[in-house]
>>> print(open('final.txt').read())   # compact mmCIF, C-alpha atoms and all ligand atoms
# COMPACT_ATOMS: atom_id res chain seq x y z
CA MET A 20 -17.56 27.63 129.01
CA ARG A 21 -16.74 31.08 127.69
CA LYS A 22 -15.73 30.96 124.09
CA VAL A 23 -12.56 32.83 123.28
CA SER A 24 -12.42 34.59 119.98
CA TRP A 25 -9.19 35.62 118.34
CA GLU A 26 -10.53 38.95 117.24
CA GLY A 27 -9.52 41.51 119.81
CA GLU A 28 -9.51 38.98 122.59
CA ASP A 29 -7.39 39.10 125.67
CA GLY A 30 -8.21 35.65 126.90
CA MET A 31 -5.56 33.71 125.04
CA THR A 32 -4.36 32.28 128.31
CA GLU A 33 -7.76 31.14 129.53
CA HIS A 34 -7.55 27.99 127.48
CA GLU A 35 -4.38 26.00 127.69
CA GLY A 36 -3.06 22.62 126.75
CA VAL A 37 -3.73 19.97 124.17
CA LEU A 38 -6.11 17.11 124.97
CA VAL A 39 -6.12 13.87 123.00
CA PHE A 40 -8.72 11.10 123.07
CA SER A 41 -9.65 8.05 121.06
CA GLU A 42 -11.45 4.94 122.20
CA LYS A 43 -9.19 3.23 119.67
CA TYR A 44 -5.94 2.87 121.53
CA ASP A 45 -3.54 2.71 118.53
CA LEU A 46 -5.05 5.85 117.10
CA MET A 47 -4.64 7.60 120.42
CA LEU A 48 -0.91 6.78 120.33
CA GLU A 49 -0.62 8.15 116.78
CA MET A 50 -2.38 11.35 117.82
CA LEU A 51 -0.07 11.73 120.82
CA GLY A 52 2.91 12.01 118.46
CA LYS A 53 1.29 14.91 116.61
CA GLY A 54 -0.16 16.32 119.83
CA ARG A 55 3.34 16.46 121.34
CA GLU A 56 4.63 18.39 118.33
CA ILE A 57 1.77 20.90 118.59
CA ALA A 58 2.09 21.25 122.36
CA ASP A 59 5.84 21.89 122.04
CA LYS A 60 5.24 24.52 119.40
CA LEU A 61 2.67 26.23 121.65
CA GLN A 62 4.85 25.64 124.71
CA THR A 63 1.99 24.04 126.52
CA SER A 64 1.14 20.65 127.98
CA LEU A 65 -0.24 17.53 126.35
CA ALA A 66 -2.79 15.32 128.06
CA ALA A 67 -4.33 12.00 127.05
CA VAL A 68 -7.79 10.96 128.19
CA LEU A 69 -8.05 7.30 129.09
CA ILE A 70 -11.61 6.06 129.41
CA GLY A 71 -12.76 2.52 130.13
CA PHE A 72 -12.75 -0.09 132.85
CA ASN A 73 -9.53 -1.52 134.30
CA VAL A 74 -7.49 0.49 131.82
CA GLN A 75 -5.10 2.24 134.13
CA GLU A 76 -2.08 0.08 133.19
CA LYS A 77 -2.13 1.81 129.78
CA ALA A 78 -1.35 5.20 131.32
CA ASP A 79 2.37 4.52 131.44
CA GLU A 80 2.59 3.93 127.68
CA LEU A 81 0.62 7.09 126.97
CA ILE A 82 3.16 9.05 128.98
CA LYS A 83 6.03 7.34 127.16
CA CYS A 84 4.36 8.37 123.89
CA GLY A 85 4.45 12.03 124.88
CA ALA A 86 1.60 12.79 127.31
CA ASP A 87 2.49 15.00 130.28
CA LYS A 88 -0.72 14.00 131.98
CA VAL A 89 -3.21 11.19 131.68
CA TYR A 90 -6.78 11.89 132.77
CA LEU A 91 -8.12 8.52 133.82
CA ALA A 92 -11.84 7.82 133.86
CA ASP A 93 -11.97 4.20 135.00
CA ASN A 94 -15.46 3.03 135.72
CA HIS A 95 -17.55 -0.05 135.11
CA ALA A 96 -20.13 2.10 133.32
CA LEU A 97 -17.42 3.10 130.82
CA GLU A 98 -16.32 -0.40 129.87
CA HIS A 99 -17.98 -0.20 126.44
CA PHE A 100 -18.25 2.87 124.30
CA GLN A 101 -21.52 4.72 124.85
CA VAL A 102 -21.57 8.16 123.35
CA GLU A 103 -23.47 9.89 126.19
CA ALA A 104 -21.22 8.41 128.87
CA TYR A 105 -17.97 9.21 127.08
CA LEU A 106 -19.25 12.64 126.19
CA SER A 107 -19.90 13.42 129.83
CA VAL A 108 -16.25 12.64 130.63
CA LEU A 109 -14.89 14.83 127.84
CA HIS A 110 -17.37 17.61 128.48
CA ASN A 111 -16.51 17.72 132.17
CA LEU A 112 -12.83 17.79 131.35
CA ALA A 113 -13.24 20.56 128.81
CA MET A 114 -15.23 22.60 131.34
CA SER A 115 -12.82 22.10 134.22
CA TYR A 116 -9.44 22.22 132.48
CA LYS A 117 -10.27 24.40 129.48
CA PRO A 118 -7.94 22.90 126.88
CA GLU A 119 -6.90 25.01 123.92
CA ILE A 120 -7.08 22.08 121.51
CA VAL A 121 -9.00 18.79 121.63
CA LEU A 122 -8.02 16.04 119.18
CA ILE A 123 -10.41 13.11 118.86
CA GLY A 124 -9.88 9.95 116.82
CA SER A 125 -11.96 9.98 113.65
CA THR A 126 -13.63 6.62 114.14
CA ARG A 127 -17.25 5.60 113.78
CA ASN A 128 -17.65 6.41 117.48
CA GLY A 129 -15.23 9.31 117.65
CA LYS A 130 -16.86 11.43 114.95
CA PRO A 131 -20.28 11.75 116.60
CA LEU A 132 -18.56 12.17 119.95
CA ALA A 133 -16.51 15.12 118.66
CA ALA A 134 -19.54 16.68 116.98
CA ARG A 135 -21.60 16.42 120.18
CA LEU A 136 -18.78 17.85 122.27
CA ALA A 137 -18.45 20.80 119.90
CA THR A 138 -22.22 21.36 120.03
CA ARG A 139 -22.25 21.33 123.82
CA LEU A 140 -19.36 23.76 123.99
CA GLU A 141 -20.78 25.84 121.13
CA VAL A 142 -17.54 25.73 119.18
CA GLY A 143 -16.52 24.39 115.78
CA CYS A 144 -15.17 20.99 114.86
CA VAL A 145 -13.05 20.10 111.84
CA PRO A 146 -13.38 16.42 110.96
CA ASP A 147 -10.86 14.09 109.31
CA CYS A 148 -7.74 16.24 109.45
CA ASN A 149 -4.90 14.55 107.63
CA LYS A 150 -2.57 17.39 108.51
CA LEU A 151 -2.45 19.66 111.54
CA SER A 152 -0.29 22.68 112.18
CA VAL A 153 -0.24 25.89 114.20
CA ASP A 154 -0.16 29.31 112.55
CA GLU A 155 1.49 32.54 113.69
CA LYS A 156 -1.63 33.45 115.74
CA ARG A 157 -1.35 30.15 117.67
CA ARG A 158 -4.41 28.89 115.83
CA LEU A 159 -4.73 25.24 115.00
CA VAL A 160 -4.94 24.73 111.24
CA GLY A 161 -6.43 21.48 109.96
CA GLU A 162 -6.24 20.15 106.41
CA ARG A 163 -8.85 17.78 105.04
CA ILE A 164 -9.75 16.34 101.67
CA THR A 165 -12.98 17.78 100.32
CA TYR A 166 -15.16 18.05 97.17
CA GLY A 167 -15.05 14.33 96.48
CA GLY A 168 -11.28 14.25 96.76
CA ASN A 169 -10.75 17.11 94.30
CA ALA A 170 -9.56 19.71 96.79
CA VAL A 171 -7.83 20.11 100.12
CA ALA A 172 -9.50 22.50 102.57
CA LYS A 173 -7.25 24.32 105.03
CA ILE A 174 -9.31 25.40 108.02
CA ALA A 175 -8.28 27.61 110.94
CA PHE A 176 -10.36 28.00 114.08
CA LYS A 177 -11.96 31.16 115.41
CA VAL A 178 -12.85 30.02 118.90
CA LYS A 179 -11.47 27.75 121.58
CA PRO A 180 -11.37 24.96 122.36
CA GLN A 181 -10.43 23.98 118.85
CA ILE A 182 -11.79 20.50 118.18
CA ALA A 183 -10.47 18.37 115.33
CA THR A 184 -10.84 14.71 114.50
CA VAL A 185 -7.95 12.68 113.14
CA PRO A 186 -8.23 9.55 110.98
CA GLN A 187 -6.15 6.48 111.57
CA ARG A 188 -2.65 6.44 110.10
CA ALA A 189 -2.63 10.16 109.38
CA PHE A 190 0.32 10.40 111.77
CA GLU A 191 3.03 8.00 112.84
CA LYS A 192 2.96 6.37 116.23
CA PRO A 193 5.82 7.96 118.22
CA GLU A 194 8.72 6.00 119.62
CA LEU A 195 8.46 5.26 123.31
CA LYS A 196 10.64 7.55 125.42
CA ASP A 197 11.65 7.17 129.00
CA ARG A 198 9.68 10.04 130.50
CA SER A 199 7.47 10.65 133.48
CA GLY A 200 4.06 12.22 133.81
CA GLN A 201 1.09 12.58 136.06
CA VAL A 202 -2.00 10.38 136.22
CA VAL A 203 -5.11 12.28 137.32
CA ARG A 204 -8.00 10.05 138.32
CA LEU A 205 -11.30 11.63 137.40
CA ASP A 206 -14.36 11.29 139.53
CA VAL A 207 -16.93 11.68 136.80
CA LYS A 208 -20.65 11.39 137.12
CA VAL A 209 -21.43 9.25 134.11
CA GLU A 210 -24.44 10.39 132.15
CA GLU A 211 -27.18 7.78 131.82
CA PRO A 212 -27.12 6.47 128.21
CA LYS A 213 -30.26 7.00 126.16
CA THR A 214 -29.62 3.78 124.27
CA ARG A 215 -29.03 0.22 125.42
CA ILE A 216 -26.85 -2.42 123.74
CA VAL A 217 -29.12 -5.40 123.11
CA GLU A 218 -26.59 -7.64 121.38
CA SER A 219 -23.12 -7.35 119.86
CA LYS A 220 -21.97 -9.59 117.02
CA PRO A 221 -18.46 -9.61 115.58
CA LEU A 222 -18.30 -8.47 111.96
CA GLU A 223 -17.19 -11.04 109.44
CA VAL A 224 -13.91 -9.44 108.56
CA SER A 225 -10.45 -10.76 107.84
CA SER A 226 -8.09 -11.21 110.75
CA VAL A 227 -6.04 -8.13 109.83
CA ARG A 228 -7.94 -4.90 109.30
CA ILE A 229 -7.35 -3.50 105.85
CA GLU A 230 -6.10 -0.18 107.25
CA ASP A 231 -3.35 -2.10 109.04
CA ALA A 232 -2.26 -4.23 106.08
CA ASP A 233 1.21 -3.69 104.61
CA VAL A 234 0.18 -5.19 101.28
CA ILE A 235 -3.23 -4.83 99.64
CA VAL A 236 -4.27 -6.56 96.43
CA SER A 237 -7.38 -4.71 95.34
CA CYS A 238 -9.87 -5.30 92.56
CA GLY A 239 -12.44 -3.26 90.71
CA ARG A 240 -15.11 -3.80 88.11
CA GLY A 241 -12.48 -5.47 85.94
CA LEU A 242 -13.17 -8.59 87.99
CA GLY A 243 -15.79 -10.52 86.04
CA LYS A 244 -17.35 -12.71 88.69
CA LYS A 245 -17.28 -13.16 92.42
CA GLU A 246 -15.55 -16.57 92.28
CA ASP A 247 -12.59 -14.97 90.47
CA ARG A 248 -11.69 -13.36 93.74
CA VAL A 249 -9.54 -16.43 94.26
CA LEU A 250 -6.97 -14.83 91.91
CA LEU A 251 -6.58 -11.95 94.33
CA ASP A 252 -6.66 -14.17 97.41
CA ASP A 253 -3.84 -16.28 95.96
CA LEU A 254 -1.61 -13.31 95.23
CA ALA A 255 -2.41 -11.73 98.60
CA THR A 256 -1.45 -14.98 100.34
CA VAL A 257 1.94 -15.09 98.59
CA LEU A 258 2.58 -11.48 99.61
CA CYS A 259 1.11 -11.92 103.12
CA GLY A 260 -1.39 -9.20 102.32
CA GLN A 261 -5.09 -8.44 102.35
CA VAL A 262 -7.66 -8.20 99.59
CA GLY A 263 -9.47 -4.93 99.00
CA CYS A 264 -11.80 -3.56 96.34
CA SER A 265 -13.43 -0.49 94.83
CA ARG A 266 -16.87 0.67 95.96
CA PRO A 267 -19.03 -0.81 93.16
CA LEU A 268 -17.97 -4.31 94.22
CA VAL A 269 -19.59 -3.68 97.59
CA GLU A 270 -22.44 -1.31 96.81
CA ASP A 271 -23.60 -2.68 93.45
CA ARG A 272 -22.37 -6.25 93.25
CA LYS A 273 -22.41 -7.07 97.00
CA TRP A 274 -19.32 -9.26 96.65
CA PHE A 275 -17.27 -7.72 99.46
CA PRO A 276 -18.16 -6.17 102.83
CA GLU A 277 -16.01 -3.01 102.67
CA TRP A 278 -14.23 -0.86 100.10
CA VAL A 279 -11.23 1.42 99.77
CA GLY A 280 -11.53 5.10 98.94
CA LEU A 281 -12.84 8.45 99.93
CA SER A 282 -16.09 7.11 101.37
CA GLY A 283 -14.52 3.82 102.45
CA HIS A 284 -11.25 2.88 104.10
CA LYS A 285 -8.27 5.18 103.66
CA VAL A 286 -5.28 2.90 103.52
CA LYS A 287 -1.54 3.38 103.83
CA PRO A 288 0.12 0.10 102.82
CA LYS A 289 3.68 -0.37 101.66
CA LEU A 290 2.31 -1.90 98.45
CA TYR A 291 -1.10 -1.41 96.80
CA ILE A 292 -1.86 -3.50 93.71
CA ALA A 293 -4.91 -2.13 91.87
CA CYS A 294 -6.34 -4.73 89.47
CA GLY A 295 -9.07 -3.70 87.05
CA ILE A 296 -9.65 -0.42 88.88
CA SER A 297 -10.01 2.67 86.70
CA GLY A 298 -8.58 5.01 89.35
CA VAL A 299 -11.17 7.76 89.58
CA ILE A 300 -10.60 10.41 92.21
CA GLN A 301 -12.89 8.85 94.84
CA HIS A 302 -10.84 5.65 94.82
CA VAL A 303 -7.48 7.39 94.60
CA ALA A 304 -8.34 9.58 97.61
CA GLY A 305 -8.16 6.46 99.74
CA ILE A 306 -4.81 5.16 98.47
CA ARG A 307 -2.74 8.29 97.97
CA ASP A 308 -0.66 7.51 101.06
CA ALA A 309 0.36 4.06 99.80
CA LYS A 310 4.16 3.85 99.43
CA VAL A 311 4.12 1.97 96.12
CA ILE A 312 1.13 1.61 93.79
CA VAL A 313 1.09 -1.02 91.07
CA ALA A 314 -1.75 -0.83 88.53
CA ILE A 315 -2.93 -3.66 86.29
CA ASN A 316 -5.46 -2.49 83.71
CA LYS A 317 -6.22 -3.46 80.14
CA ASP A 318 -6.91 0.15 79.19
CA GLU A 319 -3.64 2.05 78.82
CA GLN A 320 -5.58 5.33 79.16
CA ALA A 321 -7.00 4.39 82.58
CA PRO A 322 -6.40 7.24 85.08
CA ILE A 323 -4.94 4.82 87.62
CA PHE A 324 -1.72 4.86 85.57
CA GLU A 325 -1.30 8.57 86.34
CA ILE A 326 -0.72 7.86 90.01
CA ALA A 327 0.78 4.38 89.76
CA ASP A 328 4.48 3.87 90.41
CA TYR A 329 4.42 0.79 88.18
CA GLY A 330 1.83 0.07 85.51
CA VAL A 331 1.04 -3.14 83.68
CA VAL A 332 -1.22 -2.82 80.64
CA GLY A 333 -2.99 -6.12 80.24
CA ASN A 334 -5.68 -8.53 81.29
CA LEU A 335 -5.73 -9.20 85.02
CA TYR A 336 -6.84 -12.78 84.34
CA GLU A 337 -3.48 -13.44 82.67
CA ILE A 338 -1.28 -11.21 84.77
CA LEU A 339 -2.36 -12.20 88.29
CA PRO A 340 -1.63 -15.95 87.93
CA ALA A 341 1.69 -15.20 86.19
CA LEU A 342 2.66 -12.71 88.90
CA LYS A 343 1.76 -15.17 91.62
CA GLU A 344 3.92 -17.91 90.08
CA ALA A 345 6.86 -15.54 89.56
CA LEU A 346 6.66 -14.28 93.13
CA LYS A 347 6.35 -17.79 94.54
CA LYS A 348 9.58 -18.73 92.77
CA GLN A 349 11.29 -15.54 93.88
CA LEU A 350 10.17 -15.72 97.51
CA GLY A 351 10.68 -19.44 97.75
C1 LIG A 401 -19.82 10.37 96.62
C2 LIG A 401 -19.08 9.21 96.01
C3 LIG A 401 -18.16 8.55 96.77
C4 LIG A 401 -17.48 7.47 96.22
N1 LIG A 401 -16.56 6.83 96.99
C5 LIG A 401 -15.86 5.82 96.45
C6 LIG A 401 -14.85 5.17 97.21
O1 LIG A 401 -14.63 5.46 98.38
N2 LIG A 401 -14.15 4.17 96.62
C7 LIG A 401 -14.36 3.78 95.32
O2 LIG A 401 -13.67 2.87 94.84
N3 LIG A 401 -15.30 4.40 94.58
C8 LIG A 401 -16.06 5.39 95.11
N4 LIG A 401 -17.02 5.98 94.37
C9 LIG A 401 -17.32 5.41 93.03
C10 LIG A 401 -16.36 5.93 91.98
O3 LIG A 401 -16.84 7.17 91.49
C11 LIG A 401 -16.23 4.94 90.82
O4 LIG A 401 -17.49 4.67 90.28
C12 LIG A 401 -15.57 3.62 91.20
O5 LIG A 401 -14.40 3.84 91.94
C13 LIG A 401 -15.21 2.84 89.96
O6 LIG A 401 -14.81 1.58 90.33
P1 LIG A 401 -13.89 0.69 89.40
O7 LIG A 401 -12.62 1.39 89.12
O8 LIG A 401 -13.82 -0.65 90.02
O9 LIG A 401 -14.79 0.52 88.08
P2 LIG A 401 -14.63 1.15 86.65
O10 LIG A 401 -14.51 2.62 86.72
O11 LIG A 401 -15.71 0.59 85.84
O12 LIG A 401 -13.22 0.57 86.14
C14 LIG A 401 -13.01 -0.76 85.80
C15 LIG A 401 -11.62 -0.82 85.19
O13 LIG A 401 -11.29 -2.19 84.97
C16 LIG A 401 -10.55 -2.28 83.76
N5 LIG A 401 -10.70 -3.66 83.32
C17 LIG A 401 -11.83 -4.28 82.88
N6 LIG A 401 -11.57 -5.58 82.63
C18 LIG A 401 -10.27 -5.79 82.91
C19 LIG A 401 -9.43 -6.94 82.86
N7 LIG A 401 -9.88 -8.14 82.50
N8 LIG A 401 -8.12 -6.77 83.19
C20 LIG A 401 -7.64 -5.56 83.57
N9 LIG A 401 -8.40 -4.45 83.63
C21 LIG A 401 -9.70 -4.56 83.32
C22 LIG A 401 -11.18 -1.24 82.85
O14 LIG A 401 -10.30 -0.84 81.85
C23 LIG A 401 -11.50 -0.12 83.86
O15 LIG A 401 -10.44 0.81 83.91
C24 LIG A 401 -17.72 7.05 94.88
C25 LIG A 401 -18.66 7.75 94.13
C26 LIG A 401 -19.34 8.80 94.68
C27 LIG A 401 -20.36 9.53 93.85
>>> encode(input="final.txt", output="structure tokens", more="lines below")
Ligand SMILES: Cc1cc2nc3c(=O)[nH]c(=O)nc-3n(C[C@H](O)[C@H](O)[C@H](O)COP(=O)(O)OP(=O)(O)OC[C@H]3O[C@@H](n4cnc5c(N)ncnc54)[C@H](O)[C@@H]3O)c2cc1C
Amino acid sequence: MRKVSWEGEDGMTEHEGVLVFSEKYDLMLEMLGKGREIADKLQTSLAAVLIGFNVQEKADELIKCGADKVYLADNHALEHFQVEAYLSVLHNLAMSYKPEIVLIGSTRNGKPLAARLATRLEVGCVPDCNKLSVDEKRRLVGERITYGGNAVAKIAFKVKPQIATVPQRAFEKPELKDRSGQVVRLDVKVEEPKTRIVESKPLEVSSVRIEDADVIVSCGRGLGKKEDRVLLDDLATVLCGQVGCSRPLVEDRKWFPEWVGLSGHKVKPKLYIACGISGVIQHVAGIRDAKVIVAINKDEQAPIFEIADYGVVGNLYEILPALKEALKKQLG
């Protein structure tokens, strides 16, 4: 693929269209909303790439979410994510249709996939874009949190296709519209994977993923012992929420399997209750999109109070049981 540079180039038209892919279906829908906005601004088309086995019935919803076209790679060899196989589909597409922009879901699988695609095409890739826009030169501009959450980098591309990855919940899932589009079935030669899945085991995680929770009751080093987690579980049950935590409770104390923050899960709940969490930048980077933040901390100088909508200065061991009882009465 010939790379197109903006400097003195005449090949602006060689690449056209926005391509969206994630093996995580919900994320693909979220990206289609943003992709539609970008495609409209560039007056170009939006396509979704649907890869898997027996997945074609999903094409209709992708079109209703804004795709003009759905490229369908439906093959037994694509039933489970394998980076080489999925890469061959995207690489073939990029070579044949020459999209201007490729958006890939920023998942554990999507990130290496995007990086490999960019390497094969010899172009750049901007990971984890929380914001995407188009500048006056038609360039895609991605914004991502950097320097441990202390800065936001705004990055524009120099060559096409412009590849960016998008984390979950960065954009809203669009409303379904009654629209029509085209489904293009791809006849792709699937690359032989260099790895083999020997066994898959489900992770021991709660039934609702923390990124999807509307309410999160989260604890930090203020929690004295593992068994005290019951205080958080109780409050989370009353509020129909999930329990989360700061990184030291996973990395150092090994009490929980996953944490919230810059290097953990970025969450976007309606309500985030931070109990015994100091609120350093690495934690806050993962909760800044929460609608309402309530902080409970015995240190009135704790930085968490700077970003909290409501702050309670006090001991979580007294406040959590009292809050649970009050809410139980209130909610019946
Ligand atoms: C590269 C890098 C990435 C990182 N990524 C993350 C990340 O993604 N997520 C993350 O969380 N951290 C991350 N960290 C770690 C981060 O820097 C902090 O060390 C961590 O967030 C602190 O966790 P904490 O708030 O639970 O603990 P502390 O900072 O020790 O805070 C404990 C708080 O509890 C309060 N407290 C104590 N007892 C009580 C009580 N009984 N009642 C009420 N309050 C009480 C204290 O006043 C204090 O404010 C990262 C660090 C690095 C270097």
>>> residues_around(input="final.txt", residues="A:Glu210", least_positions_apart="6", cutoff="8 Å", atoms="only C-alpha atoms", output="PyMOL selection string")
chain A and resi 103-104+107
>>> write_last_selection(input="final.txt", atoms="C-alpha atoms", output="CSV table (one decimal), in the coordinates of the input")
chain,number,residue,atom,x,y,z
A,103,GLU,CA,-23.5,9.9,126.2
A,104,ALA,CA,-21.2,8.4,128.9
A,107,SER,CA,-19.9,13.4,129.8
>>> residues_around(input="final.txt", residues="A:Lys287", least_positions_apart="6", cutoff="7 Å", atoms="all atoms listed in the file", output="list in words")
Glu230, Ile306, Asp308 and Ala309 of chain A
>>> residues_near_ligand(input="final.txt", ligand="ligand LIG 401 (chain A)", cutoff="6 Å", atoms="all atoms listed in the file", output="PyMOL selection string")
chain A and resi 239-241+265-267+279-283+295-299+301-302+315-318+321+333-336
>>> closest_residue(input="final.txt", among="A:Ser41, A:Asn94, A:Gln62, A:Ser152", to="A:Gly124", atoms="all atoms listed in the file")
A:Ser41
>>> closest_residue(input="final.txt", among="A:Val171, A:Ile338, A:Cys144, A:Val39", to="A:Leu254", atoms="only C-alpha atoms")
A:Ile338
>>> atom_distance(input="final.txt", atom1="atom CA of A:Ala345", atom2="atom CA of A:Leu251")
14.7 Å
>>> build_atoms(input="final.txt", residues="stretch 123-143 of chain A", atoms="N, CA and C atoms", output="PDB file, in the coordinates of the input")
ATOM      1  N   ILE A 123      -9.633  14.339 118.627  1.00  0.00           N
ATOM      2  CA  ILE A 123     -10.410  13.110 118.860  1.00  0.00           C
ATOM      3  C   ILE A 123     -10.246  12.199 117.654  1.00  0.00           C
ATOM      4  N   GLY A 124     -10.057  10.929 117.909  1.00  0.00           N
ATOM      5  CA  GLY A 124      -9.880   9.950 116.820  1.00  0.00           C
ATOM      6  C   GLY A 124     -11.116   9.903 115.930  1.00  0.00           C
ATOM      7  N   SER A 125     -10.859   9.919 114.618  1.00  0.00           N
ATOM      8  CA  SER A 125     -11.960   9.980 113.650  1.00  0.00           C
ATOM      9  C   SER A 125     -12.486   8.575 113.345  1.00  0.00           C
ATOM     10  N   THR A 126     -13.071   7.959 114.339  1.00  0.00           N
ATOM     11  CA  THR A 126     -13.630   6.620 114.140  1.00  0.00           C
ATOM     12  C   THR A 126     -15.145   6.750 114.049  1.00  0.00           C
ATOM     13  N   ARG A 127     -15.790   5.618 113.824  1.00  0.00           N
ATOM     14  CA  ARG A 127     -17.250   5.600 113.780  1.00  0.00           C
ATOM     15  C   ARG A 127     -17.845   6.157 115.079  1.00  0.00           C
ATOM     16  N   ASN A 128     -17.186   5.886 116.197  1.00  0.00           N
ATOM     17  CA  ASN A 128     -17.650   6.410 117.480  1.00  0.00           C
ATOM     18  C   ASN A 128     -17.135   7.825 117.744  1.00  0.00           C
ATOM     19  N   GLY A 129     -15.887   8.044 117.328  1.00  0.00           N
ATOM     20  CA  GLY A 129     -15.230   9.310 117.650  1.00  0.00           C
ATOM     21  C   GLY A 129     -15.844  10.512 116.940  1.00  0.00           C
ATOM     22  N   LYS A 130     -16.311  10.293 115.708  1.00  0.00           N
ATOM     23  CA  LYS A 130     -16.860  11.430 114.950  1.00  0.00           C
ATOM     24  C   LYS A 130     -18.114  11.999 115.605  1.00  0.00           C
ATOM     25  N   PRO A 131     -19.114  11.168 115.927  1.00  0.00           N
ATOM     26  CA  PRO A 131     -20.280  11.750 116.600  1.00  0.00           C
ATOM     27  C   PRO A 131     -19.951  12.306 117.983  1.00  0.00           C
ATOM     28  N   LEU A 132     -18.957  11.679 118.632  1.00  0.00           N
ATOM     29  CA  LEU A 132     -18.560  12.170 119.950  1.00  0.00           C
ATOM     30  C   LEU A 132     -18.000  13.592 119.840  1.00  0.00           C
ATOM     31  N   ALA A 133     -17.119  13.802 118.856  1.00  0.00           N
ATOM     32  CA  ALA A 133     -16.510  15.120 118.660  1.00  0.00           C
ATOM     33  C   ALA A 133     -17.580  16.156 118.294  1.00  0.00           C
ATOM     34  N   ALA A 134     -18.493  15.746 117.421  1.00  0.00           N
ATOM     35  CA  ALA A 134     -19.540  16.680 116.980  1.00  0.00           C
ATOM     36  C   ALA A 134     -20.422  17.078 118.173  1.00  0.00           C
ATOM     37  N   ARG A 135     -20.749  16.101 119.018  1.00  0.00           N
ATOM     38  CA  ARG A 135     -21.600  16.420 120.180  1.00  0.00           C
ATOM     39  C   ARG A 135     -20.857  17.307 121.180  1.00  0.00           C
ATOM     40  N   LEU A 136     -19.566  17.024 121.345  1.00  0.00           N
ATOM     41  CA  LEU A 136     -18.780  17.850 122.270  1.00  0.00           C
ATOM     42  C   LEU A 136     -18.749  19.292 121.778  1.00  0.00           C
ATOM     43  N   ALA A 137     -18.509  19.445 120.476  1.00  0.00           N
ATOM     44  CA  ALA A 137     -18.450  20.800 119.900  1.00  0.00           C
ATOM     45  C   ALA A 137     -19.810  21.498 120.072  1.00  0.00           C
ATOM     46  N   THR A 138     -20.887  20.758 119.893  1.00  0.00           N
ATOM     47  CA  THR A 138     -22.220  21.360 120.030  1.00  0.00           C
ATOM     48  C   THR A 138     -22.441  21.816 121.468  1.00  0.00           C
ATOM     49  N   ARG A 139     -22.060  20.954 122.411  1.00  0.00           N
ATOM     50  CA  ARG A 139     -22.250  21.330 123.820  1.00  0.00           C
ATOM     51  C   ARG A 139     -21.436  22.557 124.201  1.00  0.00           C
ATOM     52  N   LEU A 140     -20.245  22.637 123.632  1.00  0.00           N
ATOM     53  CA  LEU A 140     -19.360  23.760 123.990  1.00  0.00           C
ATOM     54  C   LEU A 140     -19.597  24.975 123.093  1.00  0.00           C
ATOM     55  N   GLU A 141     -20.471  24.784 122.104  1.00  0.00           N
ATOM     56  CA  GLU A 141     -20.780  25.840 121.130  1.00  0.00           C
ATOM     57  C   GLU A 141     -19.530  26.343 120.411  1.00  0.00           C
ATOM     58  N   VAL A 142     -18.727  25.381 119.971  1.00  0.00           N
ATOM     59  CA  VAL A 142     -17.540  25.730 119.180  1.00  0.00           C
ATOM     60  C   VAL A 142     -17.550  24.894 117.899  1.00  0.00           C
ATOM     61  N   GLY A 143     -16.568  25.130 117.041  1.00  0.00           N
ATOM     62  CA  GLY A 143     -16.520  24.390 115.780  1.00  0.00           C
ATOM     63  C   GLY A 143     -15.783  23.066 115.923  1.00  0.00           C
TER      64      GLY A 143
END
